[in-house]
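Here is the structure we will look at.
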Amino acid sequence: MKLKVERGTLLKALAHVQSVAEKRNTIPILANVVLSARDAGAEGELVLTATDMEIAVLERIKADIARPGATTVPAAMLHEIVRKLPDGATVELSQAGTDAPLALRAGRFATSMNVLGVEDFPSMSTGTLPHRFVIQGAVLRALVDRTRFAISTEETRYYLNGIYLHVAAADAKSLGQGPMLRAVATDGHRLARVETELPEGAAEMPGVIIPRKTVLELRKLLDEIEDGVTVSLSETRIQFDVGDITLTSKLIDGTFPEYERVIPRDNASILRVGKRDFADAVSRVAAISQERSRPVKLALSKNLLVLSASSPDQGTASEELDEGRAQYDATPLEIGFQARYLNDITDQIDKDVEFAFSDGNAPTLVRDAGNPSALYVLMPMRV
Amino acid sequence: MRCPRCGRSRLVAHPELDRLAVAHVDCDAFYCSVEKRDRPELADRPVIVGGGSRGVVSSACYIARMRGVRSAMPMFTALAACPDAVVIRPDFASYARVARSLRAMMEALTPLVQPLSIDEAVLDLSGTEALHRAPPAVMLARLAARVEAEERITVSIGLSSNRLLAKLAAGIDKPRGFAVLGSEAPHWLAARGVRTLPGIGPAQERALVARGFTTLGQLQALGPREAQSRLGPDGPALVLRARGIDTRRIDPARETKSVSAETTFDRDLRTLPALEAELWRLCERLGARLRDKDLAAGGVVLKLKTAAFRSRTRTQRLHAPTRLPDTLFATARKLLAREIDGTEFRLIGIGAAPIRPGAEADRADLSDPALPRRVATQQAIDALRLRFGAAAVGRGRGLGDTGTGGARTGDVKTEPR
């Protein structure tokens, strides 16, 4: 193998693959990235692959291929070396024979890295992926961003450790007609449900739970993409084609709870408040207590919202949002929430937040007043 | 020297006696003392309170202790050491009555009484001198006398400046002791072995000895950084305790640390179905116990004891506090399933730890839509049992053969901390 590649191009690809490569080092070769130089007609390409056997990522980048070939080197180390090369450098990779070390040269820098043979690198089988649809990058990004904060990290309830992506009948309040593509995540304390128009080809797809790590890797790739993302899936695997990158992942084998039953339908006490005003007030008031278990209290009366927090050791804080900033015209109410949970939700809201309360102990519904596609449910804390 | 007022020789002297206000009160061989009180003919016999031929020693009187009987010792070992011992099945209701009476006497001295177990409590008497017109030491001496007069059992009292030292002091001249640890405490601790500190068991002792620490004095010499590097993340806290420093408050509200239920089988069990059946019954009892005390389980502790008397303890935090038997069971069952490896077990127990307030139990969980229905079902079962008795209604899981034969050897017990 012998090739030349631009440092910036290689660095970006390595950043993507090295975070997938296994770090715990249970199987040493899984810490490696496969470098495969192909002579693809006029344009040569370098294909980088890494996997932890749960997720696999494959990325194609342009390269000047002098001699095709393939080998594997530690992903984190190669990433570190390339990162430290000067911007704009040309990286030359060459390997004399299959088991020979991989030589890397850039300017007057040279290194020689020990390799593990590509034939020992395990491949994650995908099987066939019968369902396939294309979704706009920005739409997929919104589905991920508005749900991922609610993913549970509690391992005993593994079926909550991901985003449940499935087809559902449109909610009465939502924009669309007919079935929608829906993403849902919950950790038991909060639940996020976002929907979008059903892409062509998705109608028959099974409901799948995409693992948290896959969601986070996918989200990184979506930063740079404005085009469509091709999603292919079966009951057990999902694949995202994002530009020149293919991310394949196993799915969580479990049953997501029947979340519709916990979404309150009759919460009639409505509060409307500006997102900026509200989020800033929550952050300021919550600063008095570093303890996560201490709630921010919301005391509501006609067109008045008083936020307060207290800590037996630190003191107390409160802030009022009065007429003009908070609209409320129902029975006075007191309710408490964990500040971070409130902020996680308001972070996803553009301008105005709409809360629908039942009472101080019941689940509360939160929406973006200007965008019905997303809905959040929040469990109150005792105040 | 004799007391100028009463002429007796039982005197306590210490230069800081009037300045110390934290006391640890510990009943002497509590269960046995209550039994002996109620059955005077046993006064000069070795008495062991514990469960059945396969049970363990819950409490041994001082006569039995002289023969080598210890708490938590298997009964057959205890009887080998002391064949003429009188073994009595525990009567927890009777002990609880005495404990309540003792607690009332302590609460007459200060509201800051934190029971640590049925027969132990720690009291903070700071600031009570004006009220009682006597320093804490005097009030504690009167407490000990009152307990002996009214309940006819004896207590040992430790008086010091914090909880740790008070507990250590209470052990100094047990039984019927009254010991004081003042500013000499670090010096007193320095010469003692590491096992002196409560919470250091044989395993941690071995680990400390392997690192070259046999006395608390050696630990006292460590700086915080050195403690961290040589003893790990808990090192600095251990060094503070070795110096007799303890900042824990006395909190009467947080009395119960764990609620548990356990049972010893008449014959050893090793299969999952057999152990599961026992576990389910214990989960039901634990749930009922938590409900009665208006508490909830923040986590589950599974305890197993093998036929070879090795204990296995496994814990799992719960996503949210519960007292539903099926939630307790589902969590404990997973822990149990991992322990099934052909080993024969003689005992299974389940506990709730940490303990949470009852108001937090089984609140709506967004990821568990069936929860409200399960809560309602349990409430219906509880209501039927209240009216028609415990056997009136139950889940199918609770039926079938039991490893404990007909006779229950298990006891639901509450361990206040």
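In the structure tokens, the first chain shown is A, the next is B, and so on; residue numbers restart at 1 for each chain, and ligands run from 1 in the order shown.
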Which residues, written as a ChimeraX atom specification, have at least one atom at most 8 Å from segment 1-17 of chain A, with only C-alpha atoms counted and residues fewer than 4 positions away on the same chain left out?
/A:21,33,37,48-50,57-59,61-70,75,78-79,82-83,85,87-97,217,220-221
Notebook entry, point to check: Given a cut-off of 6 Å, which residues of chain B touch chain A, counting only C-alpha atoms, written out as number ranges by chain?
Noted result: B: 365-367, 369
DSSP helix (DSSP H, G or I) selection over segment 245-403 of chain B, as a ChimeraX atom specification:
/B:272-292,325-337,358-360,371-388,396-398
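Every protein, DNA or RNA residue with an atom at most 10 Å from Leu286 of chain B, where only C-alpha atoms count and chain neighbours fewer than 2 positions away do not, is listed here: Val259, Ser260, Ala261, Glu262, Trp280, Arg281, Leu282, Cys283, Glu284, Ala288, Arg289, Leu290, Arg291, Asp292, Ala296, Ala297, Arg323, Leu324, Pro325, Leu328, Gly349, Ile350, Gly351, Ala352, Val412, Lys413 and Thr414 of chain B.
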Item to complete: Find the residues around Ile335 of chain A up to 6 Å (only C-alpha atoms counted), leave out those fewer than 5 positions away in its own chain, and share them as a list in words.
Response: Lys297, Leu298 and Gly360 of chain A
Could you turn the residues from that selection into a file that holds N, CA and C atoms, as a compact mmCIF listing (two decimals), in the first residue's frame?
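That gives us out-v7.txt:
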# COMPACT_ATOMS: atom_id res chain seq x y z
N LYS A 297 -38.96 25.60 42.39
CA LYS A 297 -40.41 25.63 42.60
C LYS A 297 -41.04 26.67 41.70
N LEU A 298 -42.13 26.31 41.06
CA LEU A 298 -42.90 27.24 40.25
C LEU A 298 -44.20 27.50 40.99
N GLY A 360 -50.01 19.72 41.27
CA GLY A 360 -48.61 19.75 41.69
C GLY A 360 -47.91 18.41 41.73
So that I can see what lies close to segment 106-113 of chain B, please list as a PDB file with C-alpha atoms, in the first residue's frame the residues with an atom at most 10 Å from it, counting only C-alpha atoms and leaving out residues fewer than 3 positions away in the same chain.
ATOM      1  CA  VAL B  22     -22.823  13.265  72.943  1.00  0.00           C
ATOM      2  CA  ALA B  23     -23.794   9.928  74.412  1.00  0.00           C
ATOM      3  CA  HIS B  24     -24.085   6.427  73.060  1.00  0.00           C
ATOM      4  CA  VAL B  25     -26.474   4.206  74.986  1.00  0.00           C
ATOM      5  CA  ARG B 100     -40.026   1.901  73.102  1.00  0.00           C
ATOM      6  CA  SER B 101     -40.007   2.490  76.825  1.00  0.00           C
ATOM      7  CA  LEU B 102     -36.250   3.146  76.762  1.00  0.00           C
ATOM      8  CA  ARG B 103     -36.649   5.505  73.890  1.00  0.00           C
ATOM      9  CA  LEU B 116     -29.192   2.978  65.766  1.00  0.00           C
ATOM     10  CA  ALA B 121     -29.148   4.916  70.375  1.00  0.00           C
ATOM     11  CA  VAL B 122     -27.074   8.039  70.222  1.00  0.00           C
ATOM     12  CA  LEU B 123     -28.129  11.232  72.029  1.00  0.00           C
ATOM     13  CA  ASP B 124     -27.029  14.810  71.715  1.00  0.00           C
ATOM     14  CA  LEU B 125     -27.486  16.554  75.073  1.00  0.00           C
ATOM     15  CA  SER B 126     -25.833  19.832  74.062  1.00  0.00           C
ATOM     16  CA  GLY B 127     -27.567  22.809  75.609  1.00  0.00           C
ATOM     17  CA  THR B 128     -29.765  20.798  77.958  1.00  0.00           C
ATOM     18  CA  GLU B 129     -27.904  21.683  81.138  1.00  0.00           C
ATOM     19  CA  LEU B 131     -33.214  22.812  81.370  1.00  0.00           C
ATOM     20  CA  HIS B 132     -32.293  19.819  83.493  1.00  0.00           C
ATOM     21  CA  PRO B 136     -25.341  15.654  80.579  1.00  0.00           C
ATOM     22  CA  MET B 139     -28.564  13.082  83.444  1.00  0.00           C
ATOM     23  CA  LEU B 140     -27.087   9.988  81.762  1.00  0.00           C
ATOM     24  CA  LEU B 143     -31.018   7.510  82.875  1.00  0.00           C
ATOM     25  CA  ALA B 144     -29.018   4.338  83.510  1.00  0.00           C
ATOM     26  CA  VAL B 147     -33.659   1.964  83.114  1.00  0.00           C
ATOM     27  CA  ARG B 249     -24.997  14.915  63.137  1.00  0.00           C
ATOM     28  CA  ILE B 250     -27.533  13.263  65.328  1.00  0.00           C
ATOM     29  CA  ASP B 251     -30.662  13.182  63.284  1.00  0.00           C
ATOM     30  CA  PRO B 252     -33.740  11.813  65.029  1.00  0.00           C
ATOM     31  CA  ALA B 253     -35.742  11.849  61.791  1.00  0.00           C
ATOM     32  CA  GLU B 255     -33.715   6.434  62.294  1.00  0.00           C
TER      33      GLU B 255
END
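For the pair atom CA of Asp382 of chain B and atom CA of Ser358 of chain A, the interatomic distance is 28.6 Å.
From atom CA of Lys250 of chain A back to atom CA of His131 of chain A, the distance works out to 14.9 Å.
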Residues at most 12 Å from Glu155 of chain A, counting only C-alpha atoms, excluding those fewer than 6 positions away in the same chain, as a JSON list (two decimals) with N, CA and C atoms, in the first residue's frame?
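Wrote out-v7.json, looks like this:
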[["chain", "number", "residue", "atom", "x", "y", "z"],
["A", 161, "ASN", "N", -32.31, 2.71, 26.97],
["A", 161, "ASN", "CA", -31.01, 3.30, 26.67],
["A", 161, "ASN", "C", -30.87, 3.72, 25.21],
["A", 162, "GLY", "N", -31.94, 4.22, 24.63],
["A", 162, "GLY", "CA", -31.86, 4.63, 23.24],
["A", 162, "GLY", "C", -33.09, 5.42, 22.82],
["A", 187, "ASP", "N", -36.45, 8.57, 30.42],
["A", 187, "ASP", "CA", -35.70, 7.94, 31.51],
["A", 187, "ASP", "C", -36.60, 7.74, 32.72],
["A", 211, "PRO", "N", -29.41, 2.56, 19.94],
["A", 211, "PRO", "CA", -28.63, 2.75, 21.18],
["A", 211, "PRO", "C", -28.04, 4.15, 21.29],
["A", 212, "ARG", "N", -27.89, 4.55, 22.53],
["A", 212, "ARG", "CA", -27.37, 5.88, 22.85],
["A", 212, "ARG", "C", -26.05, 6.20, 22.15],
["A", 252, "ILE", "N", -31.24, -2.08, 19.95],
["A", 252, "ILE", "CA", -31.50, -2.66, 21.27],
["A", 252, "ILE", "C", -32.65, -3.64, 21.16],
["B", 316, "GLN", "N", -28.72, -3.66, 44.47],
["B", 316, "GLN", "CA", -29.11, -3.00, 43.22],
["B", 316, "GLN", "C", -29.94, -1.77, 43.58],
["B", 317, "ARG", "N", -29.53, -0.62, 43.10],
["B", 317, "ARG", "CA", -30.35, 0.58, 43.29],
["B", 317, "ARG", "C", -31.57, 0.47, 42.42],
["B", 318, "LEU", "N", -32.67, 1.00, 42.91],
["B", 318, "LEU", "CA", -33.89, 1.00, 42.11],
["B", 318, "LEU", "C", -33.99, 2.32, 41.37],
["B", 319, "HIS", "N", -34.62, 2.26, 40.22],
["B", 319, "HIS", "CA", -34.81, 3.47, 39.44],
["B", 319, "HIS", "C", -35.57, 4.52, 40.26]]
* Residue neighbourhood Met75 of chain B, 6 Å, only C-alpha atoms, exclusion window fewer than 3 positions, as a list in words -> Gly55, Val56, Val57 and Ala78 of chain B
### Task
Write out as an MDAnalysis selection string all residues of segment 147-356 of chain A that backbone DSSP assigns to strand (DSSP E or B).
chainID A and resid 162:168 180:186 190:197 208:211 228:233 237:242 245:250 269:274 295:301 304:311 315:321 326:328 333:338 352:356
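Proximity to Asp223 of chain A was assessed for A:Gly137, A:Val167, A:Pro74, A:Ser283 counting only C-alpha atoms; the smallest distance is recorded for A:Gly137.
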